[in-house]
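Engineer: If it helps, the file is called coords01.cif and holds mmCIF, C-alpha atoms:
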data_query
#
loop_
_atom_site.label_atom_id
_atom_site.label_comp_id
_atom_site.auth_asym_id
_atom_site.auth_seq_id
_atom_site.Cartn_x
_atom_site.Cartn_y
_atom_site.Cartn_z
CA MET C 1 4.92 -2.92 -84.72
CA SER C 2 5.19 -5.82 -82.32
CA TYR C 3 7.76 -3.88 -80.27
CA LEU C 4 5.35 -0.93 -80.05
CA LEU C 5 2.57 -3.18 -78.81
CA LYS C 6 4.85 -4.75 -76.21
CA ASP C 7 6.00 -1.33 -74.96
CA THR C 8 2.42 -0.08 -74.78
CA ALA C 9 1.35 -3.16 -72.85
CA PHE C 10 4.27 -2.73 -70.39
CA VAL C 11 3.39 0.90 -69.70
CA PHE C 12 -0.29 -0.02 -69.23
CA PHE C 13 0.38 -2.78 -66.72
CA PHE C 14 3.00 -0.66 -64.92
CA PHE C 15 0.52 2.14 -64.27
CA LEU C 16 -2.12 -0.45 -63.32
CA PHE C 17 0.30 -1.88 -60.73
CA LEU C 18 0.94 1.56 -59.26
CA THR C 19 -2.77 2.24 -59.05
CA LEU C 20 -3.67 -1.05 -57.35
CA CYS C 21 -0.56 -1.26 -55.14
CA PRO C 22 0.14 2.21 -53.77
CA GLY C 23 3.09 2.92 -51.48
CA ASP C 24 2.85 2.50 -47.68
CA SER C 25 0.28 4.85 -46.17
CA PRO C 26 0.58 6.19 -42.64
CA ALA C 27 -0.73 3.78 -39.95
CA VAL C 28 -2.55 6.65 -38.23
CA GLU C 29 -3.95 9.65 -40.03
CA PRO C 30 -2.89 12.99 -38.52
CA LEU C 31 -5.49 14.57 -36.23
CA VAL C 32 -5.85 18.31 -36.76
CA THR C 33 -6.84 20.34 -33.67
CA THR C 34 -7.24 24.08 -33.34
CA ASP C 35 -6.03 24.20 -29.73
CA PRO C 36 -3.32 22.16 -27.98
CA VAL C 37 -4.60 18.95 -26.40
CA LYS C 38 -4.53 19.25 -22.59
CA VAL C 39 -2.89 16.18 -21.06
CA SER C 40 -3.53 15.60 -17.35
CA ILE C 41 -0.55 14.11 -15.48
CA ARG C 42 0.63 13.67 -11.92
CA SER C 43 3.84 12.37 -10.35
CA VAL C 44 3.73 8.56 -10.27
CA GLN C 45 7.20 7.14 -10.77
CA PRO C 46 8.30 5.62 -13.06
CA ALA C 47 5.22 6.22 -15.24
CA ILE C 48 5.56 9.99 -14.84
CA ILE C 49 8.61 11.63 -13.29
CA LEU C 50 8.30 15.37 -12.73
CA ASP C 51 11.42 17.52 -12.45
CA GLY C 52 10.22 21.08 -12.25
CA GLU C 53 8.36 21.71 -15.50
CA GLU C 54 10.07 18.78 -17.22
CA ALA C 55 8.21 15.47 -17.40
CA GLY C 56 9.70 12.06 -18.14
CA GLY C 57 9.08 8.40 -17.46
CA PHE C 58 7.54 5.36 -19.12
CA GLY C 59 4.14 7.01 -19.58
CA ILE C 60 5.59 10.24 -21.00
CA ASP C 61 7.76 8.38 -23.51
CA LEU C 62 4.74 6.35 -24.64
CA TRP C 63 2.55 9.45 -24.93
CA LYS C 64 5.18 11.31 -26.99
CA ALA C 65 5.47 8.37 -29.37
CA ALA C 66 1.68 8.27 -29.84
CA ALA C 67 1.34 12.06 -30.11
CA ASP C 68 4.08 12.22 -32.75
CA MET C 69 2.33 9.49 -34.72
CA ILE C 70 -1.00 11.33 -34.56
CA GLY C 71 0.59 14.74 -35.07
CA LEU C 72 -0.80 16.27 -31.89
CA ASN C 73 0.16 19.58 -30.34
CA TYR C 74 -0.29 19.29 -26.57
CA THR C 75 0.36 20.81 -23.16
CA PHE C 76 0.64 19.09 -19.78
CA VAL C 77 -1.71 19.88 -16.88
CA ILE C 78 -0.09 18.82 -13.59
CA ASN C 79 -2.27 17.45 -10.75
CA GLY C 80 -1.51 16.28 -7.23
CA ASN C 81 -2.87 12.73 -7.35
CA VAL C 82 -4.77 10.24 -9.49
CA SER C 83 -8.19 11.43 -8.29
CA ALA C 84 -7.40 15.03 -9.24
CA ALA C 85 -6.00 13.92 -12.61
CA LEU C 86 -9.17 12.00 -13.46
CA ASP C 87 -11.43 14.74 -12.12
CA SER C 88 -9.76 17.27 -14.40
CA VAL C 89 -10.76 15.12 -17.39
CA ARG C 90 -14.25 14.42 -16.08
CA GLN C 91 -14.77 18.16 -15.55
CA GLU C 92 -13.37 18.82 -19.07
CA LYS C 93 -10.47 20.87 -17.74
CA ALA C 94 -8.23 18.42 -19.60
CA ASP C 95 -8.77 16.22 -22.65
CA ILE C 96 -6.91 13.09 -21.59
CA ALA C 97 -5.17 11.70 -18.50
CA ILE C 98 -2.10 9.49 -18.88
CA GLY C 99 0.18 7.55 -16.54
CA ALA C 100 -0.47 4.56 -14.32
CA ILE C 101 -4.28 4.66 -14.59
CA SER C 102 -6.22 1.43 -14.10
CA ILE C 103 -9.53 0.74 -15.80
CA SER C 104 -12.36 0.16 -13.34
CA LYS C 105 -16.14 -0.07 -13.57
CA GLU C 106 -16.63 3.08 -11.51
CA ARG C 107 -14.24 5.09 -13.67
CA GLU C 108 -15.72 3.74 -16.90
CA GLU C 109 -19.14 5.09 -15.87
CA VAL C 110 -17.92 8.70 -16.10
CA LEU C 111 -14.94 8.44 -18.48
CA ASP C 112 -13.89 6.69 -21.66
CA PHE C 113 -10.66 4.68 -21.84
CA SER C 114 -8.17 3.93 -24.56
CA TYR C 115 -6.98 0.52 -25.64
CA PRO C 116 -5.18 -1.02 -22.59
CA TYR C 117 -1.43 -0.86 -23.25
CA PHE C 118 -0.16 -2.40 -20.01
CA HIS C 119 -1.33 -5.41 -17.98
CA THR C 120 -0.33 -5.74 -14.35
CA GLY C 121 -1.80 -6.13 -10.85
CA LEU C 122 -1.41 -5.12 -7.24
CA GLY C 123 1.70 -6.06 -5.30
CA ILE C 124 2.83 -5.98 -1.68
CA MET C 125 5.93 -4.27 -0.32
CA VAL C 126 7.23 -5.23 3.13
CA PRO C 127 10.40 -4.46 5.13
CA ALA C 128 13.38 -6.39 3.75
CA LYS C 129 14.55 -7.81 7.05
CA SER C 130 12.93 -8.78 10.31
CA SER C 131 15.59 -7.72 12.80
CA PHE C 132 15.08 -7.78 16.56
CA SER C 133 14.80 -4.39 18.21
CA LEU C 134 14.56 -4.32 22.00
CA SER C 135 13.60 -0.64 21.97
CA THR C 136 10.69 -1.30 19.57
CA LEU C 137 9.46 -4.16 21.72
CA LEU C 138 9.71 -2.10 24.92
CA ARG C 139 7.84 0.78 23.29
CA SER C 140 4.97 -1.59 22.54
CA PHE C 141 4.95 -2.73 26.20
CA PHE C 142 4.83 0.82 27.51
CA SER C 143 2.14 2.13 25.23
CA PRO C 144 -0.50 4.38 26.88
CA SER C 145 -3.06 1.57 27.07
CA HIS C 146 -0.57 -0.85 28.64
CA LEU C 147 0.70 1.75 31.12
CA ARG C 148 -2.87 2.40 32.20
CA TYR C 149 -3.40 -1.31 32.79
CA PHE C 150 -0.09 -1.63 34.72
CA PHE C 151 -1.12 1.32 36.92
CA TYR C 152 -4.50 -0.18 37.85
CA PHE C 153 -3.02 -3.62 38.50
CA THR C 154 -0.27 -2.15 40.70
CA LEU C 155 -2.89 -0.11 42.58
CA PHE C 156 -4.88 -3.32 43.11
CA LEU C 157 -1.80 -5.09 44.56
CA VAL C 158 -1.07 -2.19 46.93
CA LEU C 159 -4.67 -2.07 48.15
CA THR C 160 -4.86 -5.84 48.68
CA GLY C 161 -1.50 -5.69 50.46
CA HIS C 162 -2.95 -3.14 52.87
CA VAL C 163 -6.11 -5.18 53.35
CA ILE C 164 -4.32 -8.41 54.18
CA TRP C 165 -1.85 -6.62 56.49
CA LEU C 166 -4.65 -4.89 58.39
CA ALA C 167 -6.39 -8.24 58.84
CA GLU C 168 -3.24 -10.09 59.97
CA ARG C 169 -1.10 -7.51 61.80
CA ARG C 170 -2.64 -8.30 65.19
CA SER C 171 -2.56 -12.05 64.75
CA GLY C 172 1.12 -12.17 65.72
CA ASN C 173 1.90 -14.68 62.99
CA SER C 174 3.49 -14.09 59.55
CA PHE C 175 3.09 -10.36 58.96
CA HIS C 176 5.13 -7.65 60.67
CA LYS C 177 3.22 -5.32 63.00
CA LYS C 178 4.97 -2.11 61.87
CA TYR C 179 3.48 -0.30 58.88
CA LEU C 180 6.25 -0.16 56.27
CA PRO C 181 7.66 -3.69 56.81
CA GLY C 182 4.12 -5.03 57.16
CA ILE C 183 2.86 -3.33 53.97
CA PHE C 184 5.89 -4.61 52.05
CA GLU C 185 5.06 -8.14 53.21
CA GLY C 186 1.38 -7.66 52.33
CA VAL C 187 2.16 -6.43 48.80
CA TYR C 188 4.67 -9.23 48.36
CA TRP C 189 1.99 -11.73 49.40
CA SER C 190 -0.46 -10.19 46.90
CA ILE C 191 2.10 -10.50 44.06
CA VAL C 192 2.99 -14.15 44.68
CA THR C 193 -0.67 -15.00 45.20
CA ALA C 194 -1.82 -13.27 41.98
CA SER C 195 0.97 -14.95 40.01
CA THR C 196 0.08 -18.34 41.58
CA VAL C 197 3.67 -18.73 42.80
CA GLY C 198 2.70 -18.83 46.49
CA TYR C 199 5.94 -19.59 48.34
CA GLY C 200 4.05 -20.06 51.64
CA ASP C 201 6.39 -17.83 53.69
CA TYR C 202 3.49 -15.41 54.32
CA THR C 203 0.07 -16.94 54.91
CA PRO C 204 -3.05 -15.52 56.56
CA LYS C 205 -3.89 -17.21 59.86
CA SER C 206 -7.03 -15.43 61.02
CA LYS C 207 -10.50 -16.28 59.73
CA THR C 208 -10.92 -12.72 58.39
CA GLY C 209 -7.58 -12.90 56.60
CA ARG C 210 -8.42 -16.23 55.00
CA LEU C 211 -11.82 -15.03 53.80
CA LEU C 212 -10.19 -11.94 52.36
CA SER C 213 -7.54 -14.15 50.72
CA ILE C 214 -10.21 -16.12 48.90
CA ALA C 215 -11.78 -12.94 47.53
CA ILE C 216 -8.38 -11.53 46.54
CA ILE C 217 -7.38 -14.75 44.75
CA ILE C 218 -10.67 -14.89 42.81
CA ILE C 219 -10.20 -11.28 41.62
CA SER C 220 -6.42 -11.27 41.08
CA LEU C 221 -6.08 -14.45 38.99
CA PRO C 222 -8.06 -13.21 35.94
CA LEU C 223 -6.41 -9.78 36.24
CA PHE C 224 -2.95 -11.35 36.20
CA GLY C 225 -3.97 -13.62 33.32
CA LEU C 226 -5.10 -10.58 31.35
CA LEU C 227 -1.75 -8.88 31.97
CA VAL C 228 0.21 -11.94 30.83
CA GLY C 229 -2.08 -12.30 27.81
CA ASN C 230 -1.39 -8.72 26.71
CA ILE C 231 2.37 -9.22 26.97
CA SER C 232 2.21 -12.53 25.09
CA SER C 233 0.11 -10.92 22.37
CA ASP C 234 2.71 -8.17 21.92
CA ILE C 235 5.53 -10.70 21.57
CA THR C 236 3.52 -12.76 19.09
CA MET C 237 2.60 -9.73 16.97
CA TYR C 238 6.22 -8.56 17.03
CA LYS C 239 7.39 -11.92 15.72
CA MET C 240 4.69 -11.91 13.02
CA GLN C 241 5.44 -8.39 11.87
CA ASN C 242 7.31 -9.44 8.72
CA THR C 243 5.65 -12.78 7.95
CA ILE C 244 3.40 -11.41 5.20
CA SER C 245 3.50 -13.64 2.13
CA GLY C 246 0.30 -12.71 0.28
CA PRO C 247 -2.93 -10.70 0.41
CA GLU C 248 -4.48 -13.20 2.83
CA ASP C 249 -1.90 -12.12 5.45
CA LEU C 250 -2.93 -8.45 5.29
CA VAL C 251 -5.98 -8.88 7.52
CA SER C 252 -5.56 -6.89 10.76
CA ARG C 253 -2.20 -5.53 9.53
CA ARG C 254 -1.37 -1.88 9.12
CA VAL C 255 -1.54 -1.47 5.35
CA GLY C 256 -0.54 1.69 3.48
CA VAL C 257 -2.27 2.64 0.21
CA LEU C 258 -2.34 5.63 -2.11
CA ARG C 259 -5.43 7.79 -1.61
CA GLY C 260 -7.90 7.41 -4.49
CA SER C 261 -6.10 4.43 -6.01
CA THR C 262 -7.42 1.00 -7.00
CA ALA C 263 -5.35 -0.40 -4.13
CA GLU C 264 -7.46 1.64 -1.70
CA ASP C 265 -10.61 0.32 -3.40
CA TYR C 266 -9.32 -3.25 -2.98
CA ILE C 267 -8.51 -2.77 0.72
CA GLN C 268 -11.94 -1.27 1.38
CA ALA C 269 -13.74 -3.97 -0.61
CA THR C 270 -12.01 -6.72 1.38
CA ASN C 271 -12.87 -5.04 4.72
CA MET C 272 -9.27 -4.59 5.84
CA ARG C 273 -9.81 -2.03 8.54
CA ALA C 274 -6.19 -1.25 9.45
CA ALA C 275 -5.60 0.80 6.28
CA TYR C 276 -3.61 4.02 6.13
CA SER C 277 -4.16 6.40 3.22
CA TYR C 278 -1.29 8.54 1.86
CA THR C 279 -1.14 11.41 -0.61
CA THR C 280 1.88 9.95 -2.44
CA ILE C 281 3.28 6.43 -2.66
CA ASN C 282 6.64 7.81 -1.52
CA GLU C 283 5.06 8.84 1.79
CA ALA C 284 3.65 5.33 2.25
CA ILE C 285 7.04 3.71 1.63
CA GLN C 286 8.75 6.12 4.03
CA SER C 287 6.19 5.18 6.68
CA LEU C 288 6.89 1.50 5.98
CA GLU C 289 10.63 2.03 6.46
CA ALA C 290 10.00 3.95 9.69
CA GLY C 291 7.86 1.11 11.11
CA GLY C 292 4.60 3.07 11.00
CA ILE C 293 2.91 0.43 8.84
CA ASP C 294 3.50 -3.26 8.08
CA ALA C 295 3.01 -3.30 4.30
CA VAL C 296 2.29 -1.13 1.26
CA VAL C 297 -0.20 -2.29 -1.38
CA HIS C 298 0.09 -0.65 -4.79
CA ASP C 299 0.62 -1.34 -8.49
CA ARG C 300 3.42 -3.91 -8.55
CA PRO C 301 5.57 -2.32 -11.32
CA ILE C 302 5.70 0.95 -9.38
CA LEU C 303 6.69 -0.89 -6.20
CA LEU C 304 9.41 -2.74 -8.12
CA TYR C 305 10.72 0.56 -9.46
CA TYR C 306 10.94 1.99 -5.93
CA GLN C 307 12.64 -1.14 -4.65
CA LYS C 308 15.25 -0.97 -7.40
CA ASN C 309 15.91 2.77 -7.49
CA LYS C 310 14.86 4.21 -4.14
CA ALA C 311 14.60 1.91 -1.13
CA GLN C 312 17.13 -0.70 -2.34
CA ASP C 313 17.89 -3.22 0.46
CA ARG C 314 15.47 -1.71 2.97
CA VAL C 315 12.30 -3.15 1.44
CA GLN C 316 11.23 -6.07 -0.72
CA VAL C 317 8.34 -6.62 -3.12
CA LEU C 318 6.68 -10.01 -2.76
CA ASP C 319 6.10 -12.34 -5.72
CA ALA C 320 2.34 -12.29 -5.19
CA VAL C 321 0.31 -10.49 -7.90
CA PHE C 322 -3.43 -10.06 -7.32
CA ASP C 323 -6.41 -7.96 -8.39
CA LYS C 324 -5.27 -7.90 -12.02
CA GLN C 325 -5.33 -4.45 -13.64
CA HIS C 326 -5.15 -2.95 -17.11
CA TYR C 327 -3.52 0.45 -17.65
CA ALA C 328 -5.09 2.79 -20.18
CA TRP C 329 -5.49 6.51 -20.86
CA ALA C 330 -8.67 8.19 -19.60
CA MET C 331 -10.60 10.60 -21.81
CA THR C 332 -13.82 12.53 -21.73
CA GLN C 333 -16.80 10.50 -22.87
CA ASN C 334 -17.14 10.37 -26.69
CA SER C 335 -13.76 12.03 -26.99
CA PHE C 336 -12.54 13.12 -30.41
CA LEU C 337 -9.17 11.62 -29.44
CA GLN C 338 -10.27 8.04 -28.78
CA GLU C 339 -10.10 6.57 -32.29
CA SER C 340 -6.74 8.12 -33.15
CA VAL C 341 -5.25 7.24 -29.76
CA ASN C 342 -6.37 3.62 -30.05
CA GLN C 343 -4.92 3.31 -33.54
CA ALA C 344 -1.63 4.77 -32.34
CA LEU C 345 -1.38 2.46 -29.30
CA LEU C 346 -2.16 -0.62 -31.42
CA THR C 347 0.47 0.41 -33.97
CA LEU C 348 3.07 1.04 -31.24
CA GLU C 349 2.34 -2.38 -29.79
CA GLU C 350 2.60 -4.14 -33.15
CA ASN C 351 5.85 -2.46 -34.18
CA GLY C 352 7.51 -3.19 -30.83
CA THR C 353 7.79 0.41 -29.58
CA ILE C 354 5.91 -0.28 -26.35
CA ALA C 355 8.19 -3.25 -25.61
CA GLN C 356 11.27 -1.07 -26.22
CA ILE C 357 10.02 1.65 -23.85
CA TYR C 358 9.15 -0.97 -21.22
CA GLN C 359 12.63 -2.50 -21.52
CA HIS C 360 14.20 0.91 -20.96
CA TRP C 361 12.28 1.62 -17.74
CA PHE C 362 11.62 -1.78 -16.19
CA GLY C 363 13.90 -4.29 -17.89
CA GLY C 364 12.58 -7.52 -19.36
CA THR C 365 9.44 -7.64 -21.48
CA PRO C 366 5.88 -6.50 -20.66
#
Could you rewrite the structure in this file as structure tokens?

Structural biologist:
Amino acid sequence: MSYLLKDTAFVFFFFLFLTLCPGDSPAVEPLVTTDPVKVSIRSVQPAIILDGEEAGGFGIDLWKAAADMIGLNYTFVINGNVSAALDSVRQEKADIAIGAISISKEREEVLDFSYPYFHTGLGIMVPAKSSFSLSTLLRSFFSPSHLRYFFYFTLFLVLTGHVIWLAERRSGNSFHKKYLPGIFEGVYWSIVTASTVGYGDYTPKSKTGRLLSIAIIIISLPLFGLLVGNISSDITMYKMQNTISGPEDLVSRRVGVLRGSTAEDYIQATNMRAAYSYTTINEAIQSLEAGGIDAVVHDRPILLYYQKNKAQDRVQVLDAVFDKQHYAWAMTQNSFLQESVNQALLTLEENGTIAQIYQHWFGGTP
């Protein structure tokens, strides 16, 4: 009888244990949808790499892991840039936008965002080396504005050369009486006078010539100073071309940004006027390599990816990180996806999946 009671008690407590301590339940409950979820993407390497109809990259791998966990059926909707990708969600042409999308106050006003899965900031890409190029320097000298100034200054010297020769040609002193030799001497006198060299081999002797000389000197000195100042400014700017070390050095520089990006918002908010907007970040980097701009400002991980895999030794990404950003997925307001997506992202972070995907694409840890 005692054995029967013991066996009955064992069975009772065994079933009680199973009832109170069930097996592991799924971290995220499957989300049943009647139609495939429309996922808005655009090319933004390495977050999203498009090869025809195939999509890959850090963001795609992360989305697939989350979608598999939720049990979603989905299709990709390809857009040209980040603005178009977000607009497609805002206009309910897509359910969610993924990739390198930063959370901002303006975007939050019209969209909802997932749990932020990536923390980064803006970075600066500059040319790798500052090598001297005589042709580049000469091109800056002979720009249209400089050529116009050279023309007017030369015309001034020729006119003053004529004036001083006409005043002195009958004095029988320094200047030759014949036209061509006399004009040459007059222009020569104007040049050495404007440059303050003044060798003294040609000097006006008549009262008219001396009065004219005073007027010419008063006018020519500031003109010559302006010419020298322009040339000096070009040399200084050429030397400073690759001395950017942080965002404070971007003022008055030619800065390339991606159109519609948070980098463009930052440049506009800080009143950096010399900004150039590009449709793709690849176009901005190509312009940087060609010398069309001095720096590219964009999300630092993307710049690091381009430096490592695309531009190699031709560019460098500075250590400076500023305007901290948080990447998340954008959804329509009050989206049916938000709760499931957040649970999936938190689970992927806790079980180390996000760190593994980051290691694969960027190296190191997030």

Engineer: Give me the residues within 7 Å of region 58-62 of chain C as a PDB file with C-alpha atoms, in the frame of the given file, counting only C-alpha atoms and dropping any in the same chain fewer than 4 places off.

Structural biologist:
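This is the output file out.pdb:
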ATOM      1  CA  PRO C  46       8.300   5.620 -13.060  1.00  0.00           C
ATOM      2  CA  ALA C  47       5.220   6.220 -15.240  1.00  0.00           C
ATOM      3  CA  ILE C  48       5.560   9.990 -14.840  1.00  0.00           C
ATOM      4  CA  ALA C  66       1.680   8.270 -29.840  1.00  0.00           C
ATOM      5  CA  ILE C  98      -2.100   9.490 -18.880  1.00  0.00           C
ATOM      6  CA  GLY C  99       0.180   7.550 -16.540  1.00  0.00           C
ATOM      7  CA  ILE C 354       5.910  -0.280 -26.350  1.00  0.00           C
ATOM      8  CA  ILE C 357      10.020   1.650 -23.850  1.00  0.00           C
ATOM      9  CA  TYR C 358       9.150  -0.970 -21.220  1.00  0.00           C
ATOM     10  CA  TRP C 361      12.280   1.620 -17.740  1.00  0.00           C
TER      11      TRP C 361
END

Engineer: Within 7 Å of region 254-271 of chain C, counting all atoms listed in the file, which residues qualify if same-chain residues fewer than 4 places away don't, as a tab-separated table (two decimals) with C-alpha atoms, in the frame of the given file?

Structural biologist:
chain	number	residue	atom	x	y	z
C	82	VAL	CA	-4.77	10.24	-9.49
C	83	SER	CA	-8.19	11.43	-8.29
C	122	LEU	CA	-1.41	-5.12	-7.24
C	275	ALA	CA	-5.60	0.80	6.28
C	276	TYR	CA	-3.61	4.02	6.13
C	277	SER	CA	-4.16	6.40	3.22
C	278	TYR	CA	-1.29	8.54	1.86
C	279	THR	CA	-1.14	11.41	-0.61
C	280	THR	CA	1.88	9.95	-2.44
C	281	ILE	CA	3.28	6.43	-2.66
C	284	ALA	CA	3.65	5.33	2.25
C	293	ILE	CA	2.91	0.43	8.84
C	294	ASP	CA	3.50	-3.26	8.08
C	295	ALA	CA	3.01	-3.30	4.30
C	296	VAL	CA	2.29	-1.13	1.26
C	297	VAL	CA	-0.20	-2.29	-1.38
C	298	HIS	CA	0.09	-0.65	-4.79

Engineer: What gap, in Å, lies between CA of Asp323 (chain C) and CA of Ala290 (chain C)?

Structural biologist: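 So the answer is 27.2 Å.
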
Engineer: For Glu92 (chain C), which residue out of C:Tyr149, C:Ile164, C:Tyr74, C:Val39 is the nearest one, using all atoms listed in the file?

Structural biologist: C:Val39

Engineer: What separation in Å, quoted to one decimal, exists between CA of Thr203 (chain C) and CA of Ala167 (chain C)?

Structural biologist: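 CA of Thr203 (chain C) sits 11.5 Å away from CA of Ala167 (chain C).
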
Engineer: Quick check, in Å to one decimal: how far apart do CA of Lys207 (chain C) and CA of Leu180 (chain C) lie?

Structural biologist: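 Pair CA of Lys207 (chain C) / CA of Leu180 (chain C) returns 23.5 Å.
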
Engineer: Could you rebuild region 145-159 of chain C with N, CA and C atoms and give me the result as a tab-separated table (two decimals), in the frame of the given file?

Structural biologist:
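In the end it all went to result.tsv:
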chain	number	residue	atom	x	y	z
C	145	SER	N	-2.06	2.53	26.59
C	145	SER	CA	-3.06	1.57	27.07
C	145	SER	C	-2.45	0.56	28.03
C	146	HIS	N	-1.23	0.11	27.74
C	146	HIS	CA	-0.57	-0.85	28.64
C	146	HIS	C	-0.17	-0.19	29.95
C	147	LEU	N	0.33	1.04	29.89
C	147	LEU	CA	0.70	1.75	31.12
C	147	LEU	C	-0.50	1.96	32.02
C	148	ARG	N	-1.65	2.24	31.41
C	148	ARG	CA	-2.87	2.40	32.20
C	148	ARG	C	-3.23	1.10	32.91
C	149	TYR	N	-3.08	-0.01	32.19
C	149	TYR	CA	-3.40	-1.31	32.79
C	149	TYR	C	-2.41	-1.64	33.90
C	150	PHE	N	-1.11	-1.39	33.69
C	150	PHE	CA	-0.09	-1.63	34.72
C	150	PHE	C	-0.40	-0.80	35.97
C	151	PHE	N	-0.83	0.44	35.78
C	151	PHE	CA	-1.12	1.32	36.92
C	151	PHE	C	-2.26	0.75	37.76
C	152	TYR	N	-3.36	0.34	37.10
C	152	TYR	CA	-4.50	-0.18	37.85
C	152	TYR	C	-4.17	-1.51	38.52
C	153	PHE	N	-3.38	-2.35	37.89
C	153	PHE	CA	-3.02	-3.62	38.50
C	153	PHE	C	-2.10	-3.41	39.70
C	154	THR	N	-1.16	-2.47	39.56
C	154	THR	CA	-0.27	-2.15	40.70
C	154	THR	C	-1.08	-1.57	41.85
C	155	LEU	N	-2.04	-0.68	41.54
C	155	LEU	CA	-2.89	-0.11	42.58
C	155	LEU	C	-3.68	-1.21	43.29
C	156	PHE	N	-4.15	-2.19	42.52
C	156	PHE	CA	-4.88	-3.32	43.11
C	156	PHE	C	-3.98	-4.09	44.07
C	157	LEU	N	-2.73	-4.35	43.69
C	157	LEU	CA	-1.80	-5.09	44.56
C	157	LEU	C	-1.50	-4.32	45.84
C	158	VAL	N	-1.35	-3.00	45.73
C	158	VAL	CA	-1.07	-2.19	46.93
C	158	VAL	C	-2.28	-2.21	47.86
C	159	LEU	N	-3.47	-2.07	47.31
C	159	LEU	CA	-4.67	-2.07	48.15
C	159	LEU	C	-4.87	-3.42	48.83
